[in-house]
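What follows is a set of notes on a single structure, which appears directly below.
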Amino acid sequence: MRVLDSHLHLWDPSRLDYPWLEGPLRARFDAQALRAARGEDAVEHAAVFVQAACIDEQFLDEVAWVASLADSIGVRGIVAGARLDQGEQTRRYLDVVAGRPLVVGVRHLLQGEPIGFARTGAFRAGARELIRHGLTFDACVRGAAQLRDVIALADAEPELRIVLDHLGKPALGTASAPLVPDAEWVDAISELAARPQVSCKLSGLAAEAGGSWSAAQLEPFLDVVVTAFGPDRIMIGSDWPVSAVTAEGWARGDGPAVDAAAIPTWTRTIARWADARAFDVDAVLWRNAAQFYGLG
């Protein structure tokens with residue numbers, strides 16, 4: 001088995017500043033920690049690193065740090081942090097970051113922006129700069145309203161390759177109190193998937209469930225996504241270490257209470273789900289991400 005993890009985070013608070021880190025996540029999650037988290041099973045591991053929301057002024061420092069670790073942990077691509085709404089400053093920044101080794105895309109976190117932000121002229125001008133540089137866009141949003149902003153972005157810029165992070169963060173409940181897919185989310189996912197340049201990451205669900213989840217709980221959401229996107233536009237992502245925090249860790253919030261087997265567990269969960277539905281498991285675990293990010 002081989003796995004190209006399309007959504008890996010790394011961070012070291014002694015190197016860079018991450019204002020959002022707190023509780024069990026305010027610890028060092030670096031190359032050494034990742035190697036331990038991947039385990040000893042016979043799996044070929046590679047990854048796409050996705051920016052971890054350090055302060056804006058350190059976006060290029062983050063890229064340089066991850067690039068320095070890439071060979072040792074199999075990072076094949078980097079999705080850099082970016083602000084896409086700053087006009088000439090955005091253009092100059094993208095000119096620089098697009099020339100950095102391994103950079104294949106950017107992420108401007110939309111989940112914390114107001115609804116409608118991705119429809120603004122300033123943001124769309126930045127999106128057109130991504131097209132000019134051949135860079136992809138990771139859309140991290142929450143809820144149907146922001147999903148519809150991504151739909152509008154895809155319509156306005158049909159040449160922009162977009163991948164949806166974490167299924168758009170639907171409400172999942174927990175393993176003991178699961179929720180069914182919300183009709184508004186299902187409709188928005190189906191509409192977004194009708195745009196052929198958009199793909200979707202099977203990632204982040206453990207965190208959205210507060211560290212308490214089961215395969216049976218999540219499979220209806222995965223089924224909605226594959227029905228909409230098809231098996232060729234979905235890709236596995238571990239969302240490590242965010243999705244490795246246990247329910248106890250989220251509740252206690254005073255230390256790195258993470259599941260040491262989170263990456264192998266998520267890999268097995270997605271592989272079994274795909275195999276049970278007769279999908280090409282290697283495509284879901286590797287080839288689809290490689291094709292989307294242009295990794296060969």
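Residue numbering restarts at 1 for every chain of the structure tokens, chains are lettered A, B, ... in their displayed order, and ligands are numbered from 1 as they appear.
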Problem set entry | Residues near Asp61 of chain A, cut-off 12 Å, only C-alpha atoms, skip fewer than 2 positions along chain, as number ranges by chain | A: 11-12, 15-17, 51-59, 63-68, 80-81, 97, 100
Exercise. If you count only C-alpha atoms, which residues fall within 12 Å of Glu40 of chain A, apart from same-chain ones fewer than 3 positions away, as a PyMOL selection string?
Worked result: chain A and resi 34-37+43-45+260-261+263-264
For this session: Go through A:Ile236, A:Ile115, A:Ala262, A:Ala216 and flag the residue nearest Ser176 of chain A, using only C-alpha atoms for the distances.
Result: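 Closest to Ser176 of chain A of all the choices is A:Ala216.
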For this session: Check the smallest atom-to-atom distance from each of A:Ala127, A:Val186, A:Thr174, A:Phe49 to Glu157 of chain A using only C-alpha atoms, then report the winner.
Result: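 Using only C-alpha atoms, the shortest distance to Glu157 of chain A belongs to A:Ala127.
Of the residues in segment 170-270 of chain A, those that DSSP places in strand (DSSP E) on the basis of the backbone are Val198, Ser199, Cys200, Lys201, Leu202, Ile234, Met235 and Ile236 of chain A.
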Exercise. Segment 134-278 of chain A: which residues are alpha helix (DSSP H) by DSSP, as a ChimeraX atom specification?
Worked result: /A:143-156,183-193,205-208,215-229,247-252,262-276
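Among the candidate residues A:Gly87, A:Pro101, A:Gly168, A:Gly237, the one lying nearest to Trp286 of chain A is A:Gly237, with distances computed using only C-alpha atoms.
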Exercise. Using only C-alpha atoms, which of A:Leu8, A:Leu69, A:Val224, A:Ala244 sits nearest Ala207 of chain A?
Worked result: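 The shortest atom-to-atom distance to Ala207 of chain A comes from A:Ala244.
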Exercise. What does the distance between atom CA of Thr265 of chain A and atom CA of Phe221 of chain A come to in Å, to one decimal place?
Worked result: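 Taking atom CA of Thr265 of chain A as the start and atom CA of Phe221 of chain A as the end point, the length is 17.7 Å.
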Can you pull out every residue within 9 Å of His7 of chain A, counting only C-alpha atoms, but drop anything in the same chain fewer than 4 positions away, and send it as a CSV table (one decimal) with N, CA and C atoms, in the first residue's frame?
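Result file is part_31.csv:
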chain,number,residue,atom,x,y,z
A,47,ALA,N,3.6,13.0,1.2
A,47,ALA,CA,2.6,13.9,1.7
A,47,ALA,C,2.7,15.2,0.9
A,48,VAL,N,1.6,15.9,1.0
A,48,VAL,CA,1.5,17.4,0.6
A,48,VAL,C,1.3,18.1,1.9
A,49,PHE,N,2.3,19.0,2.2
A,49,PHE,CA,2.2,19.8,3.4
A,49,PHE,C,1.2,21.0,3.1
A,50,VAL,N,0.3,21.3,4.1
A,50,VAL,CA,-0.6,22.4,4.0
A,50,VAL,C,-0.3,23.4,5.1
A,165,ASP,N,-11.2,21.3,1.4
A,165,ASP,CA,-10.6,20.7,2.6
A,165,ASP,C,-11.8,20.1,3.5
A,201,LYS,N,-11.1,16.7,-0.4
A,201,LYS,CA,-10.2,15.9,0.5
A,201,LYS,C,-11.0,15.1,1.5
A,203,SER,N,-10.7,14.3,4.7
A,203,SER,CA,-9.8,14.7,5.7
A,203,SER,C,-10.6,15.5,6.8
A,204,GLY,N,-10.0,15.6,8.0
A,204,GLY,CA,-10.5,16.5,9.0
A,204,GLY,C,-11.7,16.1,9.8
A,236,ILE,N,-7.3,11.1,0.0
A,236,ILE,CA,-7.1,11.0,1.4
A,236,ILE,C,-6.3,12.1,2.0
A,237,GLY,N,-6.6,12.5,3.2
A,237,GLY,CA,-5.8,13.5,3.9
A,237,GLY,C,-5.9,13.2,5.4
A,238,SER,N,-4.7,13.2,6.0
A,238,SER,CA,-4.7,12.8,7.5
A,238,SER,C,-5.2,13.9,8.4
A,239,ASP,N,-4.9,15.2,7.9
A,239,ASP,CA,-5.1,16.4,8.8
A,239,ASP,C,-4.3,16.2,10.1
A,240,TRP,N,-3.2,15.5,10.0
A,240,TRP,CA,-2.3,15.3,11.2
A,240,TRP,C,-1.6,16.6,11.5
Exercise. Pick the closest to Ala171 of chain A from A:Thr267, A:Thr136, A:Gln217, A:Ser199: which is it, counting only C-alpha atoms?
Worked result: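 For Ala171 of chain A, the nearest of the given residues is A:Gln217.
For the pair atom CA of Asp85 of chain A and atom CA of Val242 of chain A, the interatomic distance is 26.7 Å.
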For this session: Please measure the separation of atom CA of Val79 of chain A and atom CA of Thr120 of chain A, giving the value in Å to one decimal.
Result: 22.4 Å
Exercise. Of the candidates A:Gln197, A:Ser190, A:Thr90, A:Thr227, which one gets nearest to Asp155 of chain A if we count only C-alpha atoms?
Worked result: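 Of A:Gln197, A:Ser190, A:Thr90, A:Thr227, the one nearest Asp155 of chain A, counting only C-alpha atoms, is A:Gln197.
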Once you count only C-alpha atoms, what closest atom pair and distance in Å to one decimal does each residue of segment 62-165 of chain A within 9 Å of segment 24-32 of chain A have, with rows by chain and rising residue number, as a tab-separated table?
residue	atom	partner	partner_atom	distance
A:Leu69	CA	A:Ala31	CA	6.9
A:Ala70	CA	A:Ala31	CA	8.9
A:Ser72	CA	A:Ala31	CA	7.7
A:Ile73	CA	A:Ala31	CA	6.5
Selection export as an mmCIF file, in the first residue's frame, atoms kept: N, CA and C atoms:
data_model
loop_
_atom_site.group_PDB
_atom_site.id
_atom_site.type_symbol
_atom_site.label_atom_id
_atom_site.label_comp_id
_atom_site.auth_asym_id
_atom_site.auth_seq_id
_atom_site.Cartn_x
_atom_site.Cartn_y
_atom_site.Cartn_z
ATOM 1 N N LEU A 69 12.874 19.906 5.367
ATOM 2 C CA LEU A 69 12.555 18.592 5.937
ATOM 3 C C LEU A 69 12.040 17.609 4.883
ATOM 4 N N ALA A 70 11.765 18.099 3.694
ATOM 5 C CA ALA A 70 10.979 17.343 2.722
ATOM 6 C C ALA A 70 11.567 15.982 2.397
ATOM 7 N N SER A 72 13.447 14.032 4.072
ATOM 8 C CA SER A 72 13.465 13.073 5.175
ATOM 9 C C SER A 72 12.093 12.500 5.487
ATOM 10 N N ILE A 73 11.023 13.187 5.086
ATOM 11 C CA ILE A 73 9.685 12.700 5.425
ATOM 12 C C ILE A 73 8.770 12.558 4.205
#
Arg142 of chain A: which residues within 10 Å, counting only C-alpha atoms, same-chain residues fewer than 3 positions away excluded, as a compact mmCIF listing (two decimals) with N, CA, C and O atoms, in the first residue's frame?
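Okay, this is what ended up in selection26.txt:
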# COMPACT_ATOMS: atom_id res chain seq x y z
N LEU A 110 -10.38 30.51 4.50
CA LEU A 110 -11.66 31.19 4.33
C LEU A 110 -12.60 30.98 5.50
O LEU A 110 -13.55 31.75 5.68
N GLN A 111 -12.39 29.94 6.31
CA GLN A 111 -13.36 29.62 7.35
C GLN A 111 -13.53 30.75 8.36
O GLN A 111 -14.59 30.88 8.96
N GLY A 112 -12.49 31.56 8.55
CA GLY A 112 -12.58 32.66 9.49
C GLY A 112 -12.97 33.98 8.86
O GLY A 112 -13.08 35.00 9.55
N ILE A 115 -18.92 35.57 5.40
CA ILE A 115 -19.60 35.01 4.25
C ILE A 115 -19.60 36.04 3.12
O ILE A 115 -19.87 37.22 3.34
N ALA A 139 -9.51 25.22 -0.45
CA ALA A 139 -10.64 25.95 0.12
C ALA A 139 -11.03 25.30 1.44
O ALA A 139 -11.56 24.19 1.46
N ALA A 145 -23.20 28.01 3.50
CA ALA A 145 -23.09 29.37 2.95
C ALA A 145 -21.70 29.60 2.38
O ALA A 145 -21.57 30.16 1.28
N GLN A 146 -20.66 29.19 3.10
CA GLN A 146 -19.32 29.36 2.57
C GLN A 146 -19.05 28.39 1.42
O GLN A 146 -18.28 28.71 0.51
N LEU A 147 -19.66 27.21 1.44
CA LEU A 147 -19.54 26.32 0.29
C LEU A 147 -20.09 27.00 -0.97
O LEU A 147 -19.52 26.87 -2.05
N ASP A 165 -11.18 21.31 1.42
CA ASP A 165 -10.63 20.66 2.61
C ASP A 165 -11.76 20.14 3.50
O ASP A 165 -12.78 20.82 3.69
N HIS A 166 -11.56 18.96 4.07
CA HIS A 166 -12.37 18.46 5.17
C HIS A 166 -13.87 18.37 4.85
O HIS A 166 -14.71 18.53 5.74
N LEU A 167 -14.20 18.12 3.59
CA LEU A 167 -15.60 17.97 3.15
C LEU A 167 -16.44 19.22 3.43
O LEU A 167 -17.67 19.16 3.49
N GLY A 168 -15.78 20.36 3.65
CA GLY A 168 -16.53 21.56 4.00
C GLY A 168 -16.98 21.59 5.45
O GLY A 168 -17.84 22.39 5.82
N LYS A 169 -16.39 20.74 6.27
CA LYS A 169 -16.64 20.70 7.72
C LYS A 169 -18.13 20.58 8.06
O LYS A 169 -18.71 21.44 8.74
N PRO A 170 -18.77 19.49 7.63
CA PRO A 170 -20.18 19.29 8.01
C PRO A 170 -20.31 18.96 9.50
O PRO A 170 -19.35 18.53 10.14
N ALA A 171 -21.50 19.15 10.03
CA ALA A 171 -21.79 18.76 11.42
C ALA A 171 -21.93 17.25 11.48
O ALA A 171 -22.75 16.65 10.78
N TRP A 185 -26.15 20.92 3.41
CA TRP A 185 -24.76 20.56 3.09
C TRP A 185 -24.71 19.64 1.89
O TRP A 185 -23.88 19.82 0.99
